[in-house]
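Visitor: Structure incoming, see below.
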There are 10 protein chains.
Amino acid sequence: MLFHVTMEVQLPPGMPPAQADALKLEEKALAQRLQEEGSWRHLWRVAGRYANVSIFDVPGNEELHALLLSLPLFPYMRIEVTPLCRHPSSTRAGDL
Amino acid sequence: MLFHVTMEVQLPPGMPPAQADALKLEEKALAQRLQEEGSWRHLWRVAGRYANVSIFDVPGNEELHALLLSLPLFPYMRIEVTPLCRHPSSTRAGDL
Amino acid sequence: MLFHVTMEVQLPPGMPPAQADALKLEEKALAQRLQEEGSWRHLWRVAGRYANVSIFDVPGNEELHALLLSLPLFPYMRIEVTPLCRHPSSTRAGDL
Amino acid sequence: MLFHVTMEVQLPPGMPPAQADALKLEEKALAQRLQEEGSWRHLWRVAGRYANVSIFDVPGNEELHALLLSLPLFPYMRIEVTPLCRHPSSTRAGDL
Amino acid sequence: MLFHVTMEVQLPPGMPPAQADALKLEEKALAQRLQEEGSWRHLWRVAGRYANVSIFDVPGNEELHALLLSLPLFPYMRIEVTPLCRHPSSTRAGDL
Amino acid sequence: MLFHVTMEVQLPPGMPPAQADALKLEEKALAQRLQEEGSWRHLWRVAGRYANVSIFDVPGNEELHALLLSLPLFPYMRIEVTPLCRHPSSTRAGDL
Amino acid sequence: MLFHVTMEVQLPPGMPPAQADALKLEEKALAQRLQEEGSWRHLWRVAGRYANVSIFDVPGNEELHALLLSLPLFPYMRIEVTPLCRHPSSTRAGDL
Amino acid sequence: MLFHVTMEVQLPPGMPPAQADALKLEEKALAQRLQEEGSWRHLWRVAGRYANVSIFDVPGNEELHALLLSLPLFPYMRIEVTPLCRHPSSTRAGDL
Amino acid sequence: MLFHVTMEVQLPPGMPPAQADALKLEEKALAQRLQEEGSWRHLWRVAGRYANVSIFDVPGNEELHALLLSLPLFPYMRIEVTPLCRHPSSTRAGDL
Amino acid sequence: MLFHVTMEVQLPPGMPPAQADALKLEEKALAQRLQEEGSWRHLWRVAGRYANVSIFDVPGNEELHALLLSLPLFPYMRIEVTPLCRHPSSTRAGDL
C-alpha cells in the first residue's frame, strides 16, 4: 500500500554539530536499508529546501507509523502523510 | 529532470456530462501516451479526492509547462509544481 | 485499517430541491448499508455545520477511495483523509 | 455528550528525557483510567505524527475542559475541540 | 451550557430581493423568539460585516445543532462553533 | 461601546512557576475589579484551551487599548479585537 | 474615534456594465460627501488592486457600521475593520 | 510617494528590560524626528496589540527601505509594505 | 523604480472563446509595447500555471497602478505587488 | 533554465554579532561571484524586509539545489522556489 510522505527537517539552532552529524548518518543508514528492503519506495530531495518527498510501500497505517517513528530525525521533522491508490489512467506496473 | 506535480480537478457544476466524459477520455489517452514515452514517470490517485500526485521527467521547465498546458483538463485544474533533485541518501537508480 | 475522514457538503445554490432530496436519500441508504457491513465504523454530525466526522475500517487505501467515490454526494463534498493507527495508550479493543 | 478533540504534542527541545518520560507515563496512566471510566471514548494515533484523535463523552463543556486541563501533557499540546452530535444517518447505538 | 457562535451571511448574488427580504424577516422573528425563550443569550453585529457574534445557552450539542439548523438563513451562512465554560476569574453570575 | 476580544495565553516554557503564579494572581485580581466596575462585561473560558473570549464595554478605542495594556499577562497573550454594535434583531437591553 | 478599514471590491462577473457604472458613481458621490463632512478622514487606492485603505473618524462602532452599510458597493466588498488609537510616539495633532 | 506599512513588534522574551527600554526610547526619538521632517506622515497604534499602522511619504522604494532599516526596533518587527496611490474619489489634498 | 508583480489569470468559465481570444491578443500587444518602452522590464511564465512573474520599472506607485489598470485582463487577474530596491550585494548595473 | 527564488533571512536572536557579520560577508562574496559567473541572474532587496527576490539561471534542479545549499546563510533562510519559463508575450531576448 502506497503513502506519499513529505518531511521537512528543522534541527534546533543550538544542537552541537557532532550530534547533528551523527543523527544524519544514522538517518542515512536507515533510509538506505529501508530502500533496499522495499518499504521506502522513492526518495527525492526538494530543490532548495532541507526537505524530501517520499513514497512508502507498507502493509498498512500501523507499519507506516512504526517506520516513521523509527527515523532518528523524527523528533525534528514536520511530516505530512497522504494515502495514495492506483490511478485509473496509470499504465505503470510498479505504481500500485 | 524530475518535477513533483499535484493536480486537483474541479469541473464547473454546470458542465454537461457528455463534455466532461469526453474531456476525461482525452486526458486519459494523453496521460497514457506520455507514460509510455517516459515523461510522465509516476501517476497516483490521492485517496478520497479527485486529485493526483505525479512525477514528471522532462528536459526542463519549458517542456514541463508545454506538457501541462497540453492536458485537456488543464483549464479545470489547480496545479502545484515542485522541482526535485536526487536525494543524497537515495539508492534507487531510477530516482534521478 | 482505520481512516479518519471529514466531509463538508456544499450543494450548488441552483440545484432543484427534488434533486437534492433524492441525492440525500441515496446517500443515507448507502451510509446505513456500509455501517451495517462494518466499513463505515463511526459517523457523527459536526454541530452547526453540514459536515460529518467519520471513521472507516477498510482493508486499504484502494478500498477507502472506492468507497468514498461511490457516495452520491461525493461530487459536492470537500473530503480530508487522515490515516489512523492504534494509540499505545488505548485500552479499547475496538479501536484498531 | 460527544466531543471530537485533536491533540498535537510538542515537547520543548531542551526538556530532560527523564522528565519527558515521567510526563508520558503519567499521561498514559490517566488516559487509561479515563477510558475505563468511559469519558475518553476513543483514542487513535495519527499515522506519522506525535498527535492523536480522540472522542470524549462528558456531561458538558465544563467537564471537558476540566478533563483536558488535568492531562499532564496539557501545557505542551495544541488542542482543537469540535462538538459532535448524532448524525441522522447513523445506525450505531454507541455513536451518541 | 454556553456556546460561542459566529455566523457570516452570504446570500447568492442572484437571489431575488423579495426572497432575501422574506428570509431575513423569518430569521429575525425566530431570533427574537429564541432570545425571549433564553436559548439565544447574546446577539451582536460585527461592525462593518454582514455577520454576528452570538452566545447560545442550550442543554447540549444536539440542541445547539437543531437550533442552528432551524435558522432560515442556515444554508447561506458560514458558522463557527466554540464551546465555552466558566472562567475561573469570572465574577458574573450570568456567565455560566 | 462593545468590543469582542479573544486572548490566547502562551507563557515562555522557561518561566519559573512562582513568577507564573504571581502573574496569574495579579491578572485575576485586575480582571475581577474590571468586571465589578463594568468595563469587562463578559468573560468566558474557551473549552480545552488556555484562552478566553471577552466582551468589553468602554468609551472608545483608547480606553480599550489602555485597559488591555494594563493586564499583567499582556506581554504573553495573542489578542484579537473585533468592534461590535447592536444587532437589529437583538431584543436584549444589555447588548448595546 | 479612528478606524482603519480596508475594502476589496469584487463585482459579480455577470453584472451589466451600466449597473456597475451607476453603483460606482453613487459610491463616489457618497465617499466625497463623507470626506467633506469629516467622517471619511483618509482614502487611498492600493496600487494594482481594486481595493482601498481608509481611515474613518466616527463617534463609535455603531456609527462606523451604519456608514459602511450605507455604501452602495457594500454588498460587493470584503471589509476588514481595525480599531486605532493614538500612538505614544505620534507628534501629529490630527492623528487622534 | 505614499506607502502603507504595518509593524508588529516582538521583543525576545529574554531581553533585559533596560535594553528594551533603551531601544524604545531611540525608536521614539527617531519616529518623532521623521514625523517632523515629513517622511513619517501618519502613525497610529493598533488597539490591543504592540503594533502600529503607518503612512510614509518618501521619494521611492529605496528611501522607504533605508528608513525602515534605520529603525532601532527593525530586527524585532514583522513589517508589511503596501504601495498606495491617489484614490479617484479622494477629495483631500494631502492624500497624495 | 522597480516593482515585483505576480499576476494569476482566471477567466470566467462561461466566457465565449472568441472574447477570451480577443482579450489575450490585446493583452499581448500591450505587454509587448510596454516592454519596448521599458516599463515592463521582465516577464516570465510560471511553469504549470496561467500566471506570470513580472518586474516593472516605473516612476512611482501612481504610474504602476495606471499601467496595471490598463491591462485588458486586469478584471480577471489576482495581482500581488512587492516594491523592490537595490540589493547591497548586487553587481548588476541593470538591477536598479 | 530560470528559477524564481525568494529568500527570507532569520538569524537566531542569540547569534554573536561577529558571527553574523562574518556570515554576511561570506554570503556577499559568494553572491557576487555567482552573479559574475552568470548563474545568479538577478538579485533585488524586498523593500522593508530582510529578504530578497532572485532569478537563477542554472542547467537544472540539481545545480539549483547545490548552489542554494552552498550559501553561508542557507541554514537561516526560508526559501521558496518557482520554476519559470519563457512567456509567449515576452520580447526580451534575455528572459529565457
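Going through the C-alpha cells in order, the chains are called A, B, and so on, while each chain numbers its residues from 1 and the ligands are numbered from 1 in the order shown.
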Can you tell me which residues surround range 11-25 of chain G at a distance of at most 8 Å, considering only C-alpha atoms, apart from same-chain residues fewer than 5 positions away, and format the answer as a CSV table (one decimal) with N, CA and C atoms, in the first residue's frame?

Guide:
```csv
chain,number,residue,atom,x,y,z
E,13,PRO,N,-25.6,36.0,-5.2
E,13,PRO,CA,-25.9,37.3,-5.9
E,13,PRO,C,-27.2,37.3,-6.6
G,72,PRO,N,-23.0,52.1,-1.4
G,72,PRO,CA,-23.7,51.4,-2.5
G,72,PRO,C,-22.9,50.1,-2.9
G,73,LEU,N,-21.6,50.1,-2.7
G,73,LEU,CA,-20.9,48.9,-3.1
G,73,LEU,C,-20.8,47.9,-1.9
G,76,TYR,N,-20.8,44.1,-2.3
G,76,TYR,CA,-19.8,43.5,-3.2
G,76,TYR,C,-18.4,43.7,-2.6
I,12,PRO,N,-13.6,33.7,-16.4
I,12,PRO,CA,-14.9,33.1,-16.0
I,12,PRO,C,-15.2,31.9,-16.9
```

Visitor: As a short mmCIF file (atom, residue, chain, number, x, y, z; two decimals) with N, CA and C atoms, in the first residue's frame, please: the residues near Asp57 in chain D (cut-off 6 Å, only C-alpha atoms, same-chain neighbours under 2 positions excluded).

Guide:
```
data_model
loop_
_atom_site.label_atom_id
_atom_site.label_comp_id
_atom_site.auth_asym_id
_atom_site.auth_seq_id
_atom_site.Cartn_x
_atom_site.Cartn_y
_atom_site.Cartn_z
N MET D 1 -22.47 13.47 26.15
CA MET D 1 -22.32 14.40 25.05
C MET D 1 -20.93 14.20 24.45
N LEU D 2 -20.86 14.18 23.11
CA LEU D 2 -19.60 13.81 22.47
C LEU D 2 -18.84 15.02 21.94
N SER D 39 -15.20 8.21 29.94
CA SER D 39 -15.25 9.59 29.42
C SER D 39 -14.34 9.77 28.20
#
```

Visitor: Using DSSP on the backbone coordinates, identify the residues of chain J assigned to strand (DSSP E or B); present them as a count of residues only.

Guide: 32

Visitor: Identify every residue of chain F that has at least one atom within 12 Å of any atom of chain D, counting only C-alpha atoms, and report the result as a PDB file with all heavy atoms, in the first residue's frame.

Guide:
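The new file selection.pdb reads:
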```pdb
ATOM      1  N   GLU F   8      -5.287  34.575  23.878  1.00  0.00           N
ATOM      2  CA  GLU F   8      -4.668  33.240  23.993  1.00  0.00           C
ATOM      3  C   GLU F   8      -3.353  33.434  24.734  1.00  0.00           C
ATOM      4  O   GLU F   8      -2.476  34.175  24.283  1.00  0.00           O
ATOM      5  CB  GLU F   8      -4.433  32.651  22.592  1.00  0.00           C
ATOM      6  CG  GLU F   8      -3.875  31.254  22.601  1.00  0.00           C
ATOM      7  CD  GLU F   8      -4.879  30.195  22.084  1.00  0.00           C
ATOM      8  OE1 GLU F   8      -5.727  30.522  21.240  1.00  0.00           O
ATOM      9  OE2 GLU F   8      -4.801  29.036  22.561  1.00  0.00           O
ATOM     10  N   VAL F   9      -3.215  32.759  25.873  1.00  0.00           N
ATOM     11  CA  VAL F   9      -2.024  32.959  26.710  1.00  0.00           C
ATOM     12  C   VAL F   9      -0.955  31.947  26.333  1.00  0.00           C
ATOM     13  O   VAL F   9      -1.250  30.772  26.124  1.00  0.00           O
ATOM     14  CB  VAL F   9      -2.379  32.803  28.201  1.00  0.00           C
ATOM     15  CG1 VAL F   9      -1.164  33.127  29.066  1.00  0.00           C
ATOM     16  CG2 VAL F   9      -3.546  33.695  28.570  1.00  0.00           C
ATOM     17  N   GLN F  10       0.288  32.404  26.225  1.00  0.00           N
ATOM     18  CA  GLN F  10       1.397  31.489  25.973  1.00  0.00           C
ATOM     19  C   GLN F  10       2.591  31.925  26.808  1.00  0.00           C
ATOM     20  O   GLN F  10       3.383  32.784  26.398  1.00  0.00           O
ATOM     21  CB  GLN F  10       1.745  31.470  24.484  1.00  0.00           C
ATOM     22  CG  GLN F  10       2.665  30.310  24.138  1.00  0.00           C
ATOM     23  CD  GLN F  10       2.465  29.845  22.712  1.00  0.00           C
ATOM     24  OE1 GLN F  10       2.020  30.595  21.853  1.00  0.00           O
ATOM     25  NE2 GLN F  10       2.796  28.591  22.441  1.00  0.00           N
ATOM     26  N   LEU F  11       2.717  31.341  27.987  1.00  0.00           N
ATOM     27  CA  LEU F  11       3.845  31.679  28.845  1.00  0.00           C
ATOM     28  C   LEU F  11       5.108  31.023  28.302  1.00  0.00           C
ATOM     29  O   LEU F  11       5.058  29.898  27.812  1.00  0.00           O
ATOM     30  CB  LEU F  11       3.569  31.196  30.269  1.00  0.00           C
ATOM     31  CG  LEU F  11       2.360  31.862  30.944  1.00  0.00           C
ATOM     32  CD1 LEU F  11       2.148  31.274  32.326  1.00  0.00           C
ATOM     33  CD2 LEU F  11       2.544  33.360  31.031  1.00  0.00           C
ATOM     34  N   PRO F  12       6.272  31.719  28.377  1.00  0.00           N
ATOM     35  CA  PRO F  12       7.519  31.101  27.905  1.00  0.00           C
ATOM     36  C   PRO F  12       7.802  29.836  28.714  1.00  0.00           C
ATOM     37  O   PRO F  12       7.611  29.832  29.939  1.00  0.00           O
ATOM     38  CB  PRO F  12       8.589  32.168  28.180  1.00  0.00           C
ATOM     39  CG  PRO F  12       7.875  33.411  28.572  1.00  0.00           C
ATOM     40  CD  PRO F  12       6.479  33.051  28.942  1.00  0.00           C
ATOM     41  N   PRO F  13       8.242  28.733  28.049  1.00  0.00           N
ATOM     42  CA  PRO F  13       8.460  27.460  28.740  1.00  0.00           C
ATOM     43  C   PRO F  13       9.394  27.601  29.949  1.00  0.00           C
ATOM     44  O   PRO F  13       9.228  26.929  30.956  1.00  0.00           O
ATOM     45  CB  PRO F  13       9.105  26.577  27.657  1.00  0.00           C
ATOM     46  CG  PRO F  13       8.805  27.226  26.363  1.00  0.00           C
ATOM     47  CD  PRO F  13       8.611  28.682  26.623  1.00  0.00           C
ATOM     48  N   GLY F  14      10.352  28.516  29.882  1.00  0.00           N
ATOM     49  CA  GLY F  14      11.323  28.596  30.963  1.00  0.00           C
ATOM     50  C   GLY F  14      10.912  29.486  32.126  1.00  0.00           C
ATOM     51  O   GLY F  14      11.698  29.689  33.055  1.00  0.00           O
ATOM     52  N   TRP F  44     -15.395  34.471  29.386  1.00  0.00           N
ATOM     53  CA  TRP F  44     -15.596  33.022  29.331  1.00  0.00           C
ATOM     54  C   TRP F  44     -14.284  32.326  28.991  1.00  0.00           C
ATOM     55  O   TRP F  44     -13.459  32.854  28.236  1.00  0.00           O
ATOM     56  CB  TRP F  44     -16.624  32.650  28.247  1.00  0.00           C
ATOM     57  CG  TRP F  44     -17.997  33.174  28.482  1.00  0.00           C
ATOM     58  CD1 TRP F  44     -18.905  32.716  29.381  1.00  0.00           C
ATOM     59  CD2 TRP F  44     -18.648  34.248  27.781  1.00  0.00           C
ATOM     60  NE1 TRP F  44     -20.076  33.448  29.297  1.00  0.00           N
ATOM     61  CE2 TRP F  44     -19.940  34.392  28.318  1.00  0.00           C
ATOM     62  CE3 TRP F  44     -18.256  35.117  26.754  1.00  0.00           C
ATOM     63  CZ2 TRP F  44     -20.850  35.357  27.867  1.00  0.00           C
ATOM     64  CZ3 TRP F  44     -19.142  36.071  26.307  1.00  0.00           C
ATOM     65  CH2 TRP F  44     -20.431  36.183  26.867  1.00  0.00           C
ATOM     66  N   ARG F  45     -14.126  31.133  29.471  1.00  0.00           N
ATOM     67  CA  ARG F  45     -13.001  30.270  29.113  1.00  0.00           C
ATOM     68  C   ARG F  45     -13.366  29.495  27.846  1.00  0.00           C
ATOM     69  O   ARG F  45     -14.508  29.028  27.712  1.00  0.00           O
ATOM     70  CB  ARG F  45     -12.752  29.286  30.277  1.00  0.00           C
ATOM     71  CG  ARG F  45     -11.771  28.181  30.004  1.00  0.00           C
ATOM     72  CD  ARG F  45     -10.359  28.650  29.780  1.00  0.00           C
ATOM     73  NE  ARG F  45      -9.685  29.063  31.004  1.00  0.00           N
ATOM     74  CZ  ARG F  45      -8.788  30.050  31.036  1.00  0.00           C
ATOM     75  NH1 ARG F  45      -8.486  30.717  29.941  1.00  0.00           N
ATOM     76  NH2 ARG F  45      -8.212  30.381  32.163  1.00  0.00           N
ATOM     77  N   VAL F  46     -12.432  29.377  26.915  1.00  0.00           N
ATOM     78  CA  VAL F  46     -12.629  28.525  25.749  1.00  0.00           C
ATOM     79  C   VAL F  46     -12.313  27.089  26.168  1.00  0.00           C
ATOM     80  O   VAL F  46     -11.208  26.814  26.651  1.00  0.00           O
ATOM     81  CB  VAL F  46     -11.706  28.950  24.584  1.00  0.00           C
ATOM     82  CG1 VAL F  46     -11.878  28.006  23.401  1.00  0.00           C
ATOM     83  CG2 VAL F  46     -11.998  30.382  24.181  1.00  0.00           C
ATOM     84  N   ALA F  47     -13.259  26.181  25.998  1.00  0.00           N
ATOM     85  CA  ALA F  47     -13.070  24.797  26.463  1.00  0.00           C
ATOM     86  C   ALA F  47     -11.858  24.159  25.794  1.00  0.00           C
ATOM     87  O   ALA F  47     -11.742  24.161  24.561  1.00  0.00           O
ATOM     88  CB  ALA F  47     -14.322  23.963  26.189  1.00  0.00           C
ATOM     89  N   GLY F  48     -10.934  23.649  26.626  1.00  0.00           N
ATOM     90  CA  GLY F  48      -9.787  22.932  26.105  1.00  0.00           C
ATOM     91  C   GLY F  48      -8.584  23.783  25.754  1.00  0.00           C
ATOM     92  O   GLY F  48      -7.591  23.270  25.251  1.00  0.00           O
ATOM     93  N   ARG F  49      -8.637  25.087  25.985  1.00  0.00           N
ATOM     94  CA  ARG F  49      -7.503  25.948  25.645  1.00  0.00           C
ATOM     95  C   ARG F  49      -7.223  26.915  26.782  1.00  0.00           C
ATOM     96  O   ARG F  49      -8.117  27.279  27.545  1.00  0.00           O
ATOM     97  CB  ARG F  49      -7.802  26.764  24.390  1.00  0.00           C
ATOM     98  CG  ARG F  49      -8.221  25.941  23.210  1.00  0.00           C
ATOM     99  CD  ARG F  49      -8.504  26.816  22.001  1.00  0.00           C
ATOM    100  NE  ARG F  49      -7.285  27.187  21.324  1.00  0.00           N
ATOM    101  CZ  ARG F  49      -6.895  26.679  20.150  1.00  0.00           C
ATOM    102  NH1 ARG F  49      -7.654  25.808  19.526  1.00  0.00           N
ATOM    103  NH2 ARG F  49      -5.775  27.051  19.588  1.00  0.00           N
ATOM    104  N   TYR F  50      -5.996  27.393  26.861  1.00  0.00           N
ATOM    105  CA  TYR F  50      -5.643  28.443  27.806  1.00  0.00           C
ATOM    106  C   TYR F  50      -5.956  29.776  27.113  1.00  0.00           C
ATOM    107  O   TYR F  50      -5.065  30.499  26.689  1.00  0.00           O
ATOM    108  CB  TYR F  50      -4.169  28.334  28.186  1.00  0.00           C
ATOM    109  CG  TYR F  50      -3.730  29.209  29.333  1.00  0.00           C
ATOM    110  CD1 TYR F  50      -4.623  30.011  30.035  1.00  0.00           C
ATOM    111  CD2 TYR F  50      -2.398  29.240  29.734  1.00  0.00           C
ATOM    112  CE1 TYR F  50      -4.218  30.802  31.075  1.00  0.00           C
ATOM    113  CE2 TYR F  50      -1.979  30.031  30.787  1.00  0.00           C
ATOM    114  CZ  TYR F  50      -2.896  30.816  31.445  1.00  0.00           C
ATOM    115  OH  TYR F  50      -2.492  31.630  32.482  1.00  0.00           O
ATOM    116  N   ALA F  51      -7.240  30.045  26.954  1.00  0.00           N
ATOM    117  CA  ALA F  51      -7.700  31.177  26.160  1.00  0.00           C
ATOM    118  C   ALA F  51      -9.047  31.625  26.691  1.00  0.00           C
ATOM    119  O   ALA F  51      -9.758  30.868  27.352  1.00  0.00           O
ATOM    120  CB  ALA F  51      -7.843  30.782  24.692  1.00  0.00           C
TER     121      ALA F  51
END
```

Visitor: To one decimal in Å, tell me the separation between CA of Cys85 in chain F and CA of His42 in chain H.

Guide: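 Between CA of Cys85 in chain F and CA of His42 in chain H the gap is 27.4 Å.
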
Visitor: Could you list, as JSON, numbers by chain, every residue within 10 Å of Gly38 in chain G, counting only C-alpha atoms and ignoring same-chain residues fewer than 6 positions away?

Guide: {"G": [32, 56, 57, 58]}

Visitor: Between CA of Gly94 in chain A and CA of Ser70 in chain B, what is the spacing in Å?

Guide: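 Separation between CA of Ser70 in chain B and CA of Gly94 in chain A: 25.5 Å.
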
Visitor: Using backbone DSSP assignments, extract all helix (DSSP H, G or I) residues from chain F; output them as a ChimeraX atom specification.

Guide: /F:17-37,61-69,74-76

Visitor: Any idea what's packed within 12 Å of Arg92 in chain J, counting only C-alpha atoms, ignoring anything in its chain fewer than 4 positions away? Could you give it as a VMD selection string?

Guide: (chain I and resid 31 to 38 40 to 44) or (chain J and resid 86 to 88 96)

Visitor: Atoms to include: all heavy atoms. Write the selected residues as a compact mmCIF listing (two decimals), in the first residue's frame.

Guide:
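Saved as part07.txt:
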```
# COMPACT_ATOMS: atom_id res chain seq x y z
N ALA I 31 1.38 44.29 -23.73
CA ALA I 31 2.57 43.83 -23.00
C ALA I 31 3.82 44.05 -23.83
O ALA I 31 4.87 44.45 -23.32
CB ALA I 31 2.42 42.34 -22.64
N GLN I 32 3.73 43.79 -25.12
CA GLN I 32 4.92 43.95 -25.96
C GLN I 32 5.28 45.43 -26.14
O GLN I 32 6.46 45.79 -26.14
CB GLN I 32 4.69 43.26 -27.30
CG GLN I 32 4.57 41.74 -27.06
CD GLN I 32 4.55 40.93 -28.32
OE1 GLN I 32 4.12 41.40 -29.37
NE2 GLN I 32 5.01 39.68 -28.23
N ARG I 33 4.26 46.27 -26.25
CA ARG I 33 4.56 47.69 -26.38
C ARG I 33 5.23 48.22 -25.11
O ARG I 33 6.20 48.97 -25.15
CB ARG I 33 3.27 48.47 -26.68
CG ARG I 33 3.54 49.94 -26.96
CD ARG I 33 2.44 50.60 -27.77
NE ARG I 33 1.13 50.47 -27.18
CZ ARG I 33 0.69 51.22 -26.14
NH1 ARG I 33 1.48 52.13 -25.62
NH2 ARG I 33 -0.52 51.05 -25.67
N LEU I 34 4.71 47.79 -23.94
CA LEU I 34 5.28 48.28 -22.68
C LEU I 34 6.69 47.74 -22.46
O LEU I 34 7.52 48.40 -21.83
CB LEU I 34 4.36 47.87 -21.52
CG LEU I 34 3.01 48.58 -21.52
CD1 LEU I 34 2.08 47.96 -20.47
CD2 LEU I 34 3.16 50.07 -21.25
N GLN I 35 6.96 46.54 -22.98
CA GLN I 35 8.34 46.04 -22.90
C GLN I 35 9.28 46.87 -23.75
O GLN I 35 10.40 47.20 -23.35
CB GLN I 35 8.39 44.57 -23.33
CG GLN I 35 7.77 43.62 -22.32
CD GLN I 35 7.75 42.19 -22.82
OE1 GLN I 35 8.74 41.48 -22.75
NE2 GLN I 35 6.60 41.78 -23.35
N GLU I 36 8.79 47.21 -24.94
CA GLU I 36 9.64 48.03 -25.82
C GLU I 36 9.89 49.40 -25.20
O GLU I 36 10.99 49.94 -25.30
CB GLU I 36 8.97 48.18 -27.19
CG GLU I 36 9.13 46.94 -28.05
CD GLU I 36 8.05 46.85 -29.11
OE1 GLU I 36 7.54 47.92 -29.52
OE2 GLU I 36 7.68 45.72 -29.49
N GLU I 37 8.87 49.96 -24.56
CA GLU I 37 9.04 51.28 -23.95
C GLU I 37 9.87 51.22 -22.67
O GLU I 37 10.25 52.24 -22.13
CB GLU I 37 7.67 51.87 -23.62
CG GLU I 37 6.84 52.20 -24.85
CD GLU I 37 5.43 52.64 -24.48
OE1 GLU I 37 5.18 52.86 -23.27
OE2 GLU I 37 4.60 52.76 -25.39
N GLY I 38 10.06 50.01 -22.12
CA GLY I 38 10.95 49.87 -20.97
C GLY I 38 10.27 49.78 -19.62
O GLY I 38 10.93 49.50 -18.62
N TRP I 40 7.83 47.64 -18.69
CA TRP I 40 7.65 46.23 -18.31
C TRP I 40 9.02 45.56 -18.51
O TRP I 40 9.32 45.04 -19.58
CB TRP I 40 6.57 45.59 -19.18
CG TRP I 40 5.97 44.34 -18.62
CD1 TRP I 40 6.61 43.36 -17.91
CD2 TRP I 40 4.60 43.91 -18.71
NE1 TRP I 40 5.73 42.38 -17.54
CE2 TRP I 40 4.49 42.67 -18.03
CE3 TRP I 40 3.45 44.43 -19.31
CZ2 TRP I 40 3.29 41.97 -17.93
CZ3 TRP I 40 2.25 43.73 -19.21
CH2 TRP I 40 2.17 42.52 -18.53
N ARG I 41 9.84 45.63 -17.47
CA ARG I 41 11.25 45.25 -17.59
C ARG I 41 11.45 43.75 -17.84
O ARG I 41 12.28 43.36 -18.66
CB ARG I 41 11.95 45.68 -16.31
CG ARG I 41 13.43 45.50 -16.31
CD ARG I 41 14.15 46.60 -17.03
NE ARG I 41 14.30 47.76 -16.17
CZ ARG I 41 15.31 47.92 -15.29
NH1 ARG I 41 16.25 47.01 -15.19
NH2 ARG I 41 15.37 49.01 -14.55
N HIS I 42 10.75 42.90 -17.10
CA HIS I 42 10.89 41.45 -17.27
C HIS I 42 9.51 40.81 -17.22
O HIS I 42 8.61 41.32 -16.54
CB HIS I 42 11.74 40.83 -16.16
CG HIS I 42 13.15 41.31 -16.12
ND1 HIS I 42 14.09 40.91 -17.03
CD2 HIS I 42 13.78 42.17 -15.27
CE1 HIS I 42 15.25 41.49 -16.74
NE2 HIS I 42 15.08 42.27 -15.69
N LEU I 43 9.37 39.69 -17.92
CA LEU I 43 8.09 38.98 -17.98
C LEU I 43 8.37 37.50 -18.16
O LEU I 43 8.95 37.09 -19.17
CB LEU I 43 7.26 39.52 -19.16
CG LEU I 43 6.01 38.73 -19.56
CD1 LEU I 43 5.03 38.64 -18.42
CD2 LEU I 43 5.34 39.39 -20.78
N TRP I 44 8.00 36.69 -17.12
CA TRP I 44 8.21 35.25 -17.22
C TRP I 44 6.91 34.52 -16.94
O TRP I 44 6.07 34.96 -16.14
CB TRP I 44 9.25 34.78 -16.18
CG TRP I 44 10.62 35.32 -16.35
CD1 TRP I 44 11.54 34.94 -17.29
CD2 TRP I 44 11.26 36.34 -15.57
NE1 TRP I 44 12.70 35.65 -17.13
CE2 TRP I 44 12.57 36.51 -16.08
CE3 TRP I 44 10.86 37.13 -14.47
CZ2 TRP I 44 13.47 37.42 -15.55
CZ3 TRP I 44 11.75 38.04 -13.95
CH2 TRP I 44 13.04 38.19 -14.48
N ARG J 86 9.78 30.73 -20.54
CA ARG J 86 9.60 31.92 -21.38
C ARG J 86 8.12 32.23 -21.50
O ARG J 86 7.30 31.34 -21.72
CB ARG J 86 10.22 31.71 -22.75
CG ARG J 86 10.21 32.98 -23.57
CD ARG J 86 11.16 32.97 -24.74
NE ARG J 86 11.13 34.24 -25.42
CZ ARG J 86 11.81 35.32 -25.04
NH1 ARG J 86 12.60 35.24 -23.99
NH2 ARG J 86 11.70 36.47 -25.69
N HIS J 87 7.77 33.51 -21.41
CA HIS J 87 6.38 33.93 -21.56
C HIS J 87 6.13 34.19 -23.04
O HIS J 87 6.96 34.82 -23.71
CB HIS J 87 6.13 35.19 -20.74
CG HIS J 87 4.68 35.50 -20.57
ND1 HIS J 87 3.91 36.01 -21.58
CD2 HIS J 87 3.85 35.36 -19.51
CE1 HIS J 87 2.67 36.19 -21.13
NE2 HIS J 87 2.61 35.79 -19.88
N PRO J 88 4.99 33.71 -23.57
CA PRO J 88 4.75 33.89 -25.02
C PRO J 88 4.68 35.37 -25.44
O PRO J 88 4.85 35.66 -26.63
CB PRO J 88 3.40 33.18 -25.24
CG PRO J 88 2.79 33.01 -23.89
CD PRO J 88 3.93 32.92 -22.93
N LEU J 96 15.05 34.25 -21.03
CA LEU J 96 14.82 32.82 -21.28
C LEU J 96 15.96 32.03 -20.69
O LEU J 96 16.95 32.58 -20.24
CB LEU J 96 14.64 32.55 -22.78
CG LEU J 96 15.67 33.10 -23.76
CD1 LEU J 96 17.05 32.54 -23.58
CD2 LEU J 96 15.16 32.83 -25.17
```
